[in-house]
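To start, the structure under review is shown below, and the notes come after it.
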Amino acid sequence: MAKISPKNIAEAVYGVSQGKSGHDLAFILKRSVVMLQKKRMLGKSKEVLNALQEIFDKKTNTIRIKVTSTKGIGHQEKSKLEHEIKERYKAQNVESEFFEDKELLGGMKIEVGDEVLDTTYINKLRQLENFLIQGK
Amino acid sequence: MSNHIVENLKKEIENFKAILKIEKVGNVLEVFDGIAKLSGLSDLRSSEMVTFGNGEVGVALNLEEDAVGVIIFGDYSHIKEGDVVKATGRILEVPVSDSIIGRVVNAIGAPIDGKGAIKSDKTYPIEKVAPGVITRQSVSEPVATGIKAIDAIIPIGRGQRELIIGDRQTGKTAIAIDTILNQKGQNMICVYVSTGQKDSKLRKLQARLEEGGAMDYTVIVSAGASESPALSYIAPYTGVSIAEYFMDKGKDVLIIYDDLSKHAVAYREISLLLRRPPGREAYPGDVFYLHSRLLERACRRSAKYGGGSITALPIIETQAGDISAYIPTNVISITDGQIFLETDLFYKGIRPAVNVGSSVSRVGSSAQIKAMKKVAGTLKLDLAQFRELEAFAQFGSDLDDSTKRQIERGKRAVEVLKQPQYSPVKTEHQVTVLYALVKGFMDDVPVERIKEFEQGLIEHSERNAKTFYKEVTESKMWTDKGEEQLKKAIGDFKQSFNK
């Protein structure tokens, strides 16, 4: 018998919850948790939730980004960044999370799914270090 | 001086341009026994290199629905769950250059002999599709191993794949080393791939090659017994990539895989850790392909496609002489013949312990020089008959004259084919000695004096059969005139020997 993956469960939950609301939806979600417990997959609930989130994002054409910088980003910069990301990934919605990290020294790091655009000073210094050591 | 350094550094820093690019990253889900499972990296290709935060390199082997299975080259003890992993976009490759000759490198092509960095501006992918049919040419030039039993009976041609198979301590590596030592001045580059061998053995081997001047044309690729199975798994592919670099330059290369049984064991370990289904002897289903794709890269390319060749001598260690085990049968079927070494012969003092009956070279005879073909034509049959008669003669004392003659000839043939380690014999000398043997000149020489006779004959004939020697070494021909001269030289020597 094939192994059930968190993605399979997420797809099933998404499938049965389509068009449901109120009591029906609550019942389905409760039954889903019972199924996870029966299949001994409660430990994988985080992966199931992530997979479910991915399915919803795909359906709603939403992109999630994580932006890390040394200090907070202004409102104008935020909306400009979101606009750029929307254009680049042809997305309808952008869900952004902003973090601060002093160790980056400057610049910012933008993460979209498994893609990263790193313009931080710490990364540039690392590249310079490699260049001086290995000539790469 | 210090100003100069500061100025140079300043210039380097000014020239430096940080590259701004989108990188593909993932995270470590779990690490165990040199294997890492990664999340993310959705576009990763098979055999693509990834780099871990601490600089370690890995290669993607398993691309699963929601994870990637990676083998880690090097120390994985500092890698932990949640670490960031970057995709490099490059299929695993090794640096190659002419300056790699004479060096000892590890499985990813980095020097380990303490002689500094190897400058190279080119890399070769370690996995490559073998040259196609159109680009190939059949084997026609010999690889002189300097071992009489092999050059005469189981000849190897340039571009051939000849398996060396036998139990432990039967002289498999010795044959490989002697072959490398004999390549001096033969226009051959040698690559010795050591997989899962003891470091002490490798060090000894390197010292022996240095002593014999063989490191001038040899590269050693080593994945030691203490290193991770991932390195043992890729070492033979690294070796053949280095060999291909030289073949692409039109050169002839000899590559030795010591040994492929340990390579298969390393691959089995990786496969089981990656949870690939086990098959016979717990090896994964693609263990045949593992070796066939490696050995197919040995070939002789036609002049139209740049010439050059790769001759492969894989080594397989059997357990208690069992050549019908999984890996030995696989490699026997892939290669163009095998040199079978036997423990019994080894302890009888017949060294190299080649079992002539079980050994075969399927394509090598077309690469043998005419002179050798002429003298060694019946040797294999004679030896096989001798072995049979020898066993038969133990039961009865009354034997007819022809049987007795055959047994006596056989005893001398066995003695002639004995050869100490690290003392390869030149082809022309082999031809001389074998001619004396098959033409019956040695029939009345006592068996215990055969070695003495052989040595004296070589010295005498070198002085007195110059035309014959010139023909054999230069034009590789066999003429009646040369034969007459050789016959006379042997006759003269025999007279003086008997006095």
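We name chains A, B, ... following the order of the structure tokens; residues begin at 1 in each chain, and ligands are numbered from 1 as shown.
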task: Per DSSP on the backbone, filter stretch 35-99 of chain A down to the residues in alpha helix (DSSP H) and report them as an MDAnalysis selection string.
output: chainID A and resid 35:38 45:60 75:89
Show me a table, sorted first by chain and then by increasing residue number, of the residues of chain B having an atom at most 12 Å from chain A, each with its shortest atom pair and the distance in Å to one decimal, counting only C-alpha atoms and written as CSV.
```
residue,atom,partner,partner_atom,distance
B:Asn8,CA,A:Leu132,CA,11.1
B:Leu9,CA,A:Leu132,CA,8.5
B:Lys10,CA,A:Leu132,CA,11.0
B:Lys11,CA,A:Leu132,CA,11.2
B:Glu12,CA,A:Leu132,CA,7.7
B:Ile13,CA,A:Leu128,CA,7.7
B:Glu14,CA,A:Leu128,CA,10.5
B:Asn15,CA,A:Phe131,CA,10.3
B:Phe16,CA,A:Leu128,CA,7.0
B:Lys17,CA,A:Leu128,CA,8.3
B:Ala18,CA,A:Lys124,CA,5.8
B:Ile19,CA,A:Gln127,CA,8.1
B:Leu20,CA,A:Thr119,CA,6.8
B:Lys21,CA,A:Leu117,CA,6.3
B:Ile22,CA,A:Leu117,CA,4.6
B:Glu23,CA,A:Val116,CA,5.0
B:Lys24,CA,A:Glu115,CA,4.5
B:Val25,CA,A:Asp114,CA,5.2
B:Gly26,CA,A:Asp114,CA,6.1
B:Asn27,CA,A:Asp114,CA,9.2
B:Leu29,CA,A:Glu47,CA,11.7
B:Leu38,CA,A:Asp114,CA,11.5
B:Ser39,CA,A:Asp114,CA,9.0
B:Gly40,CA,A:Asp114,CA,5.5
B:Leu41,CA,A:Asp114,CA,5.9
B:Ser42,CA,A:Asp114,CA,7.3
B:Asp43,CA,A:Asp114,CA,9.2
B:Leu44,CA,A:Asp114,CA,10.7
B:Gly53,CA,A:Arg126,CA,11.6
B:Gly55,CA,A:Asn130,CA,10.8
B:Glu64,CA,A:Ser5,CA,11.2
B:Glu65,CA,A:Lys7,CA,9.0
B:Asp66,CA,A:Lys7,CA,8.2
B:Ala67,CA,A:Ser5,CA,11.2
B:Val84,CA,A:Asp114,CA,10.5
B:Val85,CA,A:Asp114,CA,10.3
B:Lys86,CA,A:Asp114,CA,9.6
B:Ala87,CA,A:Glu115,CA,10.0
B:Ala117,CA,A:Gln134,CA,10.5
B:Lys119,CA,A:Gln134,CA,11.4
B:Asp121,CA,A:Lys136,CA,11.5
```
Do you know which residues are at most 9 Å from stretch 58-65 of chain A counting only C-alpha atoms, after dropping those on the same chain fewer than 5 positions away, and could you put them as a PDB file with all heavy atoms, in the first residue's frame?
```
ATOM      1  N   GLN A  53      -1.772  25.206   3.067  1.00  0.00           N
ATOM      2  CA  GLN A  53      -1.537  26.626   2.772  1.00  0.00           C
ATOM      3  C   GLN A  53      -1.075  26.808   1.329  1.00  0.00           C
ATOM      4  O   GLN A  53      -1.531  27.695   0.611  1.00  0.00           O
ATOM      5  CB  GLN A  53      -0.469  27.163   3.742  1.00  0.00           C
ATOM      6  CG  GLN A  53      -0.230  28.668   3.673  1.00  0.00           C
ATOM      7  CD  GLN A  53      -1.428  29.445   4.181  1.00  0.00           C
ATOM      8  OE1 GLN A  53      -1.787  29.345   5.337  1.00  0.00           O
ATOM      9  NE2 GLN A  53      -2.079  30.175   3.295  1.00  0.00           N
ATOM     10  N   GLU A  82       6.247  45.047  -2.804  1.00  0.00           N
ATOM     11  CA  GLU A  82       5.150  44.116  -3.092  1.00  0.00           C
ATOM     12  C   GLU A  82       4.723  44.217  -4.554  1.00  0.00           C
ATOM     13  O   GLU A  82       4.433  43.211  -5.206  1.00  0.00           O
ATOM     14  CB  GLU A  82       3.966  44.401  -2.159  1.00  0.00           C
ATOM     15  CG  GLU A  82       4.200  43.811  -0.783  1.00  0.00           C
ATOM     16  CD  GLU A  82       3.121  44.181   0.230  1.00  0.00           C
ATOM     17  OE1 GLU A  82       2.186  44.914  -0.144  1.00  0.00           O
ATOM     18  OE2 GLU A  82       3.246  43.752   1.392  1.00  0.00           O
ATOM     19  N   ILE A  85       7.278  42.443  -6.699  1.00  0.00           N
ATOM     20  CA  ILE A  85       7.136  40.980  -6.583  1.00  0.00           C
ATOM     21  C   ILE A  85       5.920  40.509  -7.377  1.00  0.00           C
ATOM     22  O   ILE A  85       5.976  39.502  -8.097  1.00  0.00           O
ATOM     23  CB  ILE A  85       7.007  40.565  -5.084  1.00  0.00           C
ATOM     24  CG1 ILE A  85       8.291  40.904  -4.317  1.00  0.00           C
ATOM     25  CG2 ILE A  85       6.640  39.088  -4.920  1.00  0.00           C
ATOM     26  CD1 ILE A  85       9.489  40.035  -4.598  1.00  0.00           C
ATOM     27  N   LYS A  86       4.822  41.267  -7.278  1.00  0.00           N
ATOM     28  CA  LYS A  86       3.601  40.919  -8.023  1.00  0.00           C
ATOM     29  C   LYS A  86       3.896  40.846  -9.516  1.00  0.00           C
ATOM     30  O   LYS A  86       3.460  39.935 -10.220  1.00  0.00           O
ATOM     31  CB  LYS A  86       2.530  41.990  -7.779  1.00  0.00           C
ATOM     32  CG  LYS A  86       1.489  41.603  -6.760  1.00  0.00           C
ATOM     33  CD  LYS A  86       0.407  42.654  -6.757  1.00  0.00           C
ATOM     34  CE  LYS A  86      -0.444  42.534  -5.510  1.00  0.00           C
ATOM     35  NZ  LYS A  86      -1.405  43.615  -5.384  1.00  0.00           N
ATOM     36  N   TYR A  89       6.432  37.753 -10.359  1.00  0.00           N
ATOM     37  CA  TYR A  89       5.879  36.395 -10.246  1.00  0.00           C
ATOM     38  C   TYR A  89       4.462  36.289 -10.808  1.00  0.00           C
ATOM     39  O   TYR A  89       3.830  35.247 -10.686  1.00  0.00           O
ATOM     40  CB  TYR A  89       5.902  35.928  -8.788  1.00  0.00           C
ATOM     41  CG  TYR A  89       7.316  35.672  -8.296  1.00  0.00           C
ATOM     42  CD1 TYR A  89       8.034  36.663  -7.643  1.00  0.00           C
ATOM     43  CD2 TYR A  89       7.940  34.446  -8.528  1.00  0.00           C
ATOM     44  CE1 TYR A  89       9.326  36.449  -7.216  1.00  0.00           C
ATOM     45  CE2 TYR A  89       9.236  34.213  -8.100  1.00  0.00           C
ATOM     46  CZ  TYR A  89       9.927  35.212  -7.443  1.00  0.00           C
ATOM     47  OH  TYR A  89      11.219  34.990  -7.023  1.00  0.00           O
ATOM     48  N   LYS A  90       3.973  37.339 -11.409  1.00  0.00           N
ATOM     49  CA  LYS A  90       2.631  37.384 -11.999  1.00  0.00           C
ATOM     50  C   LYS A  90       1.595  36.900 -10.981  1.00  0.00           C
ATOM     51  O   LYS A  90       0.779  36.017 -11.246  1.00  0.00           O
ATOM     52  CB  LYS A  90       2.552  36.500 -13.257  1.00  0.00           C
ATOM     53  CG  LYS A  90       3.668  36.731 -14.265  1.00  0.00           C
ATOM     54  CD  LYS A  90       3.194  37.597 -15.411  1.00  0.00           C
ATOM     55  CE  LYS A  90       4.258  37.827 -16.455  1.00  0.00           C
ATOM     56  NZ  LYS A  90       5.371  38.654 -16.104  1.00  0.00           N
ATOM     57  N   ALA A  91       1.680  37.441  -9.769  1.00  0.00           N
ATOM     58  CA  ALA A  91       0.773  37.019  -8.695  1.00  0.00           C
ATOM     59  C   ALA A  91      -0.327  38.061  -8.479  1.00  0.00           C
ATOM     60  O   ALA A  91      -0.140  39.239  -8.788  1.00  0.00           O
ATOM     61  CB  ALA A  91       1.569  36.827  -7.418  1.00  0.00           C
ATOM     62  N   GLN A  92      -1.474  37.561  -7.970  1.00  0.00           N
ATOM     63  CA  GLN A  92      -2.573  38.502  -7.698  1.00  0.00           C
ATOM     64  C   GLN A  92      -2.415  39.131  -6.319  1.00  0.00           C
ATOM     65  O   GLN A  92      -2.633  40.306  -6.134  1.00  0.00           O
ATOM     66  CB  GLN A  92      -3.904  37.751  -7.772  1.00  0.00           C
ATOM     67  CG  GLN A  92      -4.505  37.810  -9.156  1.00  0.00           C
ATOM     68  CD  GLN A  92      -5.840  37.094  -9.211  1.00  0.00           C
ATOM     69  OE1 GLN A  92      -6.192  36.332  -8.327  1.00  0.00           O
ATOM     70  NE2 GLN A  92      -6.578  37.343 -10.277  1.00  0.00           N
ATOM     71  N   ASN A  93      -2.033  38.279  -5.372  1.00  0.00           N
ATOM     72  CA  ASN A  93      -1.882  38.760  -3.989  1.00  0.00           C
ATOM     73  C   ASN A  93      -0.473  38.495  -3.490  1.00  0.00           C
ATOM     74  O   ASN A  93       0.130  37.485  -3.851  1.00  0.00           O
ATOM     75  CB  ASN A  93      -2.853  38.032  -3.056  1.00  0.00           C
ATOM     76  CG  ASN A  93      -4.239  37.985  -3.639  1.00  0.00           C
ATOM     77  OD1 ASN A  93      -4.829  39.019  -3.920  1.00  0.00           O
ATOM     78  ND2 ASN A  93      -4.728  36.772  -3.861  1.00  0.00           N
ATOM     79  N   VAL A  94      -0.012  39.386  -2.635  1.00  0.00           N
ATOM     80  CA  VAL A  94       1.283  39.166  -1.993  1.00  0.00           C
ATOM     81  C   VAL A  94       1.085  39.266  -0.486  1.00  0.00           C
ATOM     82  O   VAL A  94       0.541  40.246   0.017  1.00  0.00           O
ATOM     83  CB  VAL A  94       2.333  40.201  -2.461  1.00  0.00           C
ATOM     84  CG1 VAL A  94       3.630  40.038  -1.685  1.00  0.00           C
ATOM     85  CG2 VAL A  94       2.599  40.068  -3.945  1.00  0.00           C
ATOM     86  N   GLU A  95       1.487  38.208   0.203  1.00  0.00           N
ATOM     87  CA  GLU A  95       1.434  38.211   1.678  1.00  0.00           C
ATOM     88  C   GLU A  95       2.864  38.404   2.168  1.00  0.00           C
ATOM     89  O   GLU A  95       3.724  37.567   1.910  1.00  0.00           O
ATOM     90  CB  GLU A  95       0.907  36.862   2.186  1.00  0.00           C
ATOM     91  CG  GLU A  95      -0.531  36.575   1.850  1.00  0.00           C
ATOM     92  CD  GLU A  95      -1.490  37.238   2.829  1.00  0.00           C
ATOM     93  OE1 GLU A  95      -1.062  37.542   3.952  1.00  0.00           O
ATOM     94  OE2 GLU A  95      -2.661  37.454   2.436  1.00  0.00           O
ATOM     95  N   SER A  96       3.124  39.523   2.832  1.00  0.00           N
ATOM     96  CA  SER A  96       4.507  39.792   3.236  1.00  0.00           C
ATOM     97  C   SER A  96       4.684  39.690   4.742  1.00  0.00           C
ATOM     98  O   SER A  96       3.783  40.018   5.516  1.00  0.00           O
ATOM     99  CB  SER A  96       4.926  41.195   2.806  1.00  0.00           C
ATOM    100  OG  SER A  96       4.281  41.578   1.644  1.00  0.00           O
ATOM    101  N   GLU A  97       5.868  39.229   5.101  1.00  0.00           N
ATOM    102  CA  GLU A  97       6.264  39.230   6.509  1.00  0.00           C
ATOM    103  C   GLU A  97       7.585  39.984   6.574  1.00  0.00           C
ATOM    104  O   GLU A  97       8.481  39.746   5.755  1.00  0.00           O
ATOM    105  CB  GLU A  97       6.491  37.799   7.000  1.00  0.00           C
ATOM    106  CG  GLU A  97       5.231  37.040   7.332  1.00  0.00           C
ATOM    107  CD  GLU A  97       5.559  35.650   7.820  1.00  0.00           C
ATOM    108  OE1 GLU A  97       5.880  34.799   6.957  1.00  0.00           O
ATOM    109  OE2 GLU A  97       5.524  35.418   9.030  1.00  0.00           O
ATOM    110  N   PHE A  98       7.732  40.885   7.531  1.00  0.00           N
ATOM    111  CA  PHE A  98       8.966  41.683   7.629  1.00  0.00           C
ATOM    112  C   PHE A  98       9.674  41.386   8.943  1.00  0.00           C
ATOM    113  O   PHE A  98       9.037  41.297   9.996  1.00  0.00           O
ATOM    114  CB  PHE A  98       8.635  43.184   7.519  1.00  0.00           C
ATOM    115  CG  PHE A  98       8.126  43.547   6.153  1.00  0.00           C
ATOM    116  CD1 PHE A  98       6.759  43.490   5.860  1.00  0.00           C
ATOM    117  CD2 PHE A  98       8.999  43.916   5.146  1.00  0.00           C
ATOM    118  CE1 PHE A  98       6.285  43.789   4.597  1.00  0.00           C
ATOM    119  CE2 PHE A  98       8.525  44.220   3.874  1.00  0.00           C
ATOM    120  CZ  PHE A  98       7.162  44.157   3.600  1.00  0.00           C
ATOM    121  N   ILE A 110      15.363  39.014   0.548  1.00  0.00           N
ATOM    122  CA  ILE A 110      13.969  38.743   0.199  1.00  0.00           C
ATOM    123  C   ILE A 110      13.831  37.252  -0.130  1.00  0.00           C
ATOM    124  O   ILE A 110      14.537  36.745  -0.989  1.00  0.00           O
ATOM    125  CB  ILE A 110      13.530  39.596  -1.014  1.00  0.00           C
ATOM    126  CG1 ILE A 110      13.818  41.070  -0.725  1.00  0.00           C
ATOM    127  CG2 ILE A 110      12.067  39.376  -1.349  1.00  0.00           C
ATOM    128  CD1 ILE A 110      13.922  41.916  -1.965  1.00  0.00           C
ATOM    129  N   GLU A 111      12.928  36.595   0.570  1.00  0.00           N
ATOM    130  CA  GLU A 111      12.717  35.163   0.329  1.00  0.00           C
ATOM    131  C   GLU A 111      11.324  34.935  -0.252  1.00  0.00           C
ATOM    132  O   GLU A 111      10.328  35.354   0.337  1.00  0.00           O
ATOM    133  CB  GLU A 111      12.830  34.377   1.639  1.00  0.00           C
ATOM    134  CG  GLU A 111      14.230  34.377   2.210  1.00  0.00           C
ATOM    135  CD  GLU A 111      14.287  33.828   3.618  1.00  0.00           C
ATOM    136  OE1 GLU A 111      13.827  32.696   3.830  1.00  0.00           O
ATOM    137  OE2 GLU A 111      14.766  34.566   4.498  1.00  0.00           O
ATOM    138  N   VAL A 112      11.290  34.305  -1.413  1.00  0.00           N
ATOM    139  CA  VAL A 112      10.008  33.960  -2.043  1.00  0.00           C
ATOM    140  C   VAL A 112      10.034  32.453  -2.297  1.00  0.00           C
ATOM    141  O   VAL A 112      10.758  31.985  -3.174  1.00  0.00           O
ATOM    142  CB  VAL A 112       9.823  34.699  -3.385  1.00  0.00           C
ATOM    143  CG1 VAL A 112       8.440  34.435  -3.960  1.00  0.00           C
ATOM    144  CG2 VAL A 112      10.079  36.180  -3.238  1.00  0.00           C
ATOM    145  N   GLY A 113       9.266  31.696  -1.513  1.00  0.00           N
ATOM    146  CA  GLY A 113       9.315  30.231  -1.631  1.00  0.00           C
ATOM    147  C   GLY A 113      10.732  29.761  -1.361  1.00  0.00           C
ATOM    148  O   GLY A 113      11.325  30.110  -0.350  1.00  0.00           O
TER     149      GLY A 113
END
```
Test item: residues at most 12 Å from B:Gln406, only C-alpha atoms, excluding those fewer than 4 positions along its chain, as an mmCIF file with N, CA, C and O atoms, in the first residue's frame:
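Result file follows (out_25.cif):
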```cif
data_model
loop_
_atom_site.group_PDB
_atom_site.id
_atom_site.type_symbol
_atom_site.label_atom_id
_atom_site.label_comp_id
_atom_site.auth_asym_id
_atom_site.auth_seq_id
_atom_site.Cartn_x
_atom_site.Cartn_y
_atom_site.Cartn_z
ATOM 1 N N LEU B 379 50.673 -21.484 -26.555
ATOM 2 C CA LEU B 379 51.070 -21.544 -25.145
ATOM 3 C C LEU B 379 49.896 -21.841 -24.211
ATOM 4 O O LEU B 379 50.000 -22.653 -23.295
ATOM 5 N N LEU B 381 47.053 -23.342 -24.850
ATOM 6 C CA LEU B 381 46.598 -24.722 -25.026
ATOM 7 C C LEU B 381 47.565 -25.688 -24.348
ATOM 8 O O LEU B 381 47.155 -26.614 -23.636
ATOM 9 N N ASP B 382 48.859 -25.455 -24.564
ATOM 10 C CA ASP B 382 49.896 -26.306 -23.951
ATOM 11 C C ASP B 382 49.750 -26.316 -22.439
ATOM 12 O O ASP B 382 49.822 -27.377 -21.802
ATOM 13 N N LEU B 383 49.536 -25.132 -21.870
ATOM 14 C CA LEU B 383 49.426 -25.025 -20.412
ATOM 15 C C LEU B 383 48.173 -25.734 -19.894
ATOM 16 O O LEU B 383 48.210 -26.410 -18.872
ATOM 17 N N ALA B 384 47.080 -25.561 -20.643
ATOM 18 C CA ALA B 384 45.824 -26.197 -20.245
ATOM 19 C C ALA B 384 45.982 -27.717 -20.274
ATOM 20 O O ALA B 384 45.561 -28.427 -19.355
ATOM 21 N N GLN B 385 46.640 -28.216 -21.333
ATOM 22 C CA GLN B 385 46.872 -29.676 -21.459
ATOM 23 C C GLN B 385 47.773 -30.159 -20.340
ATOM 24 O O GLN B 385 47.556 -31.223 -19.764
ATOM 25 N N PHE B 386 48.768 -29.330 -20.018
ATOM 26 C CA PHE B 386 49.712 -29.702 -18.957
ATOM 27 C C PHE B 386 48.982 -29.871 -17.627
ATOM 28 O O PHE B 386 49.200 -30.847 -16.911
ATOM 29 N N ARG B 387 48.091 -28.928 -17.329
ATOM 30 C CA ARG B 387 47.356 -28.988 -16.050
ATOM 31 C C ARG B 387 46.545 -30.286 -15.958
ATOM 32 O O ARG B 387 46.497 -30.936 -14.929
ATOM 33 N N GLU B 388 45.944 -30.649 -17.089
ATOM 34 C CA GLU B 388 45.119 -31.859 -17.116
ATOM 35 C C GLU B 388 45.986 -33.113 -16.956
ATOM 36 O O GLU B 388 45.697 -33.985 -16.146
ATOM 37 N N LEU B 389 47.079 -33.123 -17.716
ATOM 38 C CA LEU B 389 47.978 -34.278 -17.672
ATOM 39 C C LEU B 389 48.665 -34.404 -16.317
ATOM 40 O O LEU B 389 48.877 -35.505 -15.820
ATOM 41 N N GLU B 390 48.968 -33.253 -15.738
ATOM 42 C CA GLU B 390 49.657 -33.239 -14.445
ATOM 43 C C GLU B 390 48.785 -33.928 -13.388
ATOM 44 O O GLU B 390 49.264 -34.748 -12.610
ATOM 45 N N ALA B 393 48.679 -37.644 -14.291
ATOM 46 C CA ALA B 393 49.953 -38.337 -14.083
ATOM 47 C C ALA B 393 50.179 -38.724 -12.627
ATOM 48 O O ALA B 393 50.968 -39.614 -12.340
ATOM 49 N N LEU B 399 53.948 -43.611 -18.170
ATOM 50 C CA LEU B 399 53.423 -42.632 -19.123
ATOM 51 C C LEU B 399 54.183 -42.765 -20.427
ATOM 52 O O LEU B 399 55.381 -43.069 -20.435
ATOM 53 N N ASP B 400 53.471 -42.553 -21.539
ATOM 54 C CA ASP B 400 54.169 -42.640 -22.817
ATOM 55 C C ASP B 400 55.060 -41.414 -23.013
ATOM 56 O O ASP B 400 54.920 -40.412 -22.303
ATOM 57 N N ASP B 401 55.956 -41.524 -23.992
ATOM 58 C CA ASP B 401 56.973 -40.479 -24.176
ATOM 59 C C ASP B 401 56.386 -39.111 -24.464
ATOM 60 O O ASP B 401 56.845 -38.096 -23.936
ATOM 61 N N SER B 402 55.338 -39.075 -25.328
ATOM 62 C CA SER B 402 54.779 -37.760 -25.703
ATOM 63 C C SER B 402 54.127 -37.098 -24.486
ATOM 64 O O SER B 402 54.217 -35.881 -24.306
ATOM 65 N N GLY B 410 55.450 -28.396 -19.966
ATOM 66 C CA GLY B 410 54.512 -27.634 -19.131
ATOM 67 C C GLY B 410 55.182 -27.090 -17.887
ATOM 68 O O GLY B 410 54.990 -25.937 -17.513
ATOM 69 N N LYS B 411 55.991 -27.944 -17.248
ATOM 70 C CA LYS B 411 56.690 -27.518 -16.029
ATOM 71 C C LYS B 411 57.586 -26.314 -16.326
ATOM 72 O O LYS B 411 57.675 -25.371 -15.538
ATOM 73 N N ARG B 412 58.243 -26.362 -17.474
ATOM 74 C CA ARG B 412 59.135 -25.259 -17.846
ATOM 75 C C ARG B 412 58.339 -24.006 -18.202
ATOM 76 O O ARG B 412 58.760 -22.882 -17.886
ATOM 77 N N ALA B 413 57.190 -24.228 -18.829
ATOM 78 C CA ALA B 413 56.338 -23.075 -19.172
ATOM 79 C C ALA B 413 55.875 -22.358 -17.907
ATOM 80 O O ALA B 413 55.904 -21.122 -17.821
ATOM 81 N N VAL B 438 58.761 -22.477 -26.567
ATOM 82 C CA VAL B 438 57.852 -23.222 -27.454
ATOM 83 C C VAL B 438 58.601 -24.013 -28.529
ATOM 84 O O VAL B 438 58.088 -25.004 -29.045
ATOM 85 N N GLY B 440 61.248 -25.632 -27.947
ATOM 86 C CA GLY B 440 61.874 -26.770 -27.282
ATOM 87 C C GLY B 440 63.314 -26.562 -26.842
ATOM 88 O O GLY B 440 63.974 -27.508 -26.412
ATOM 89 N N ASP B 443 63.775 -27.601 -23.229
ATOM 90 C CA ASP B 443 63.294 -28.916 -22.794
ATOM 91 C C ASP B 443 64.306 -29.691 -21.952
ATOM 92 O O ASP B 443 63.924 -30.449 -21.060
#
```
Atomic separation - atom CA of B:Lys80 relative to atom CA of A:Lys71, Å: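 Straight-line distance from atom CA of A:Lys71 to atom CA of B:Lys80 works out to 28.6 Å.
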query: Counting only C-alpha atoms, what is within 10 Å of stretch 362-364 of chain B, bar same-chain residues fewer than 6 positions away, as JSON, numbers by chain?
result: {"B": [138, 139, 140, 141, 142, 143, 151, 153, 154, 155, 156, 157, 158, 159, 160, 161, 162, 335, 336, 337, 338]}
task: Tell me, as a PyMOL selection string, which residues lie within 8 Å of B:Ile35, counting only C-alpha atoms; anything in the same chain fewer than 6 positions away does not count.
output: chain B and resi 69-72+270+273-274
Dump of all heavy atoms for the selected residues, as a JSON list (two decimals), in the first residue's frame:
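Final output, saved to selection07.json:
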```json
[["chain", "number", "residue", "atom", "x", "y", "z"],
["B", 69, "GLY", "N", 16.97, 13.87, -1.31],
["B", 69, "GLY", "CA", 17.99, 13.07, -0.62],
["B", 69, "GLY", "C", 19.36, 13.43, -1.18],
["B", 69, "GLY", "O", 19.57, 13.38, -2.39],
["B", 70, "VAL", "N", 20.26, 13.83, -0.28],
["B", 70, "VAL", "CA", 21.57, 14.33, -0.72],
["B", 70, "VAL", "C", 22.67, 13.53, -0.03],
["B", 70, "VAL", "O", 22.56, 13.21, 1.15],
["B", 70, "VAL", "CB", 21.67, 15.83, -0.35],
["B", 70, "VAL", "CG1", 23.10, 16.32, -0.38],
["B", 70, "VAL", "CG2", 20.82, 16.68, -1.28],
["B", 71, "ILE", "N", 23.74, 13.20, -0.78],
["B", 71, "ILE", "CA", 24.90, 12.60, -0.11],
["B", 71, "ILE", "C", 25.90, 13.72, 0.17],
["B", 71, "ILE", "O", 26.09, 14.61, -0.66],
["B", 71, "ILE", "CB", 25.55, 11.47, -0.94],
["B", 71, "ILE", "CG1", 25.81, 11.88, -2.40],
["B", 71, "ILE", "CG2", 24.72, 10.22, -0.87],
["B", 71, "ILE", "CD1", 26.63, 10.87, -3.18],
["B", 72, "ILE", "N", 26.50, 13.68, 1.34],
["B", 72, "ILE", "CA", 27.41, 14.76, 1.75],
["B", 72, "ILE", "C", 28.86, 14.29, 1.59],
["B", 72, "ILE", "O", 29.22, 13.22, 2.06],
["B", 72, "ILE", "CB", 27.16, 15.18, 3.22],
["B", 72, "ILE", "CG1", 25.68, 15.50, 3.42],
["B", 72, "ILE", "CG2", 28.02, 16.35, 3.62],
["B", 72, "ILE", "CD1", 25.24, 15.47, 4.87],
["B", 270, "ILE", "N", 24.89, 3.68, 0.57],
["B", 270, "ILE", "CA", 24.19, 4.93, 0.26],
["B", 270, "ILE", "C", 22.74, 4.65, -0.10],
["B", 270, "ILE", "O", 21.81, 5.32, 0.37],
["B", 270, "ILE", "CB", 24.90, 5.67, -0.90],
["B", 270, "ILE", "CG1", 26.26, 6.17, -0.43],
["B", 270, "ILE", "CG2", 24.07, 6.82, -1.43],
["B", 270, "ILE", "CD1", 27.14, 6.64, -1.56],
["B", 273, "LEU", "N", 20.63, 3.71, 2.85],
["B", 273, "LEU", "CA", 20.36, 4.88, 3.69],
["B", 273, "LEU", "C", 19.34, 5.81, 3.05],
["B", 273, "LEU", "O", 18.56, 6.46, 3.72],
["B", 273, "LEU", "CB", 21.66, 5.65, 3.98],
["B", 273, "LEU", "CG", 22.63, 4.95, 4.93],
["B", 273, "LEU", "CD1", 23.98, 5.65, 4.92],
["B", 273, "LEU", "CD2", 22.07, 4.92, 6.34],
["B", 274, "LEU", "N", 19.36, 5.84, 1.70],
["B", 274, "LEU", "CA", 18.38, 6.66, 0.98],
["B", 274, "LEU", "C", 17.04, 5.94, 0.84],
["B", 274, "LEU", "O", 16.14, 6.42, 0.16],
["B", 274, "LEU", "CB", 18.91, 7.04, -0.40],
["B", 274, "LEU", "CG", 19.99, 8.12, -0.45],
["B", 274, "LEU", "CD1", 20.62, 8.17, -1.84],
["B", 274, "LEU", "CD2", 19.43, 9.48, -0.09]]
```
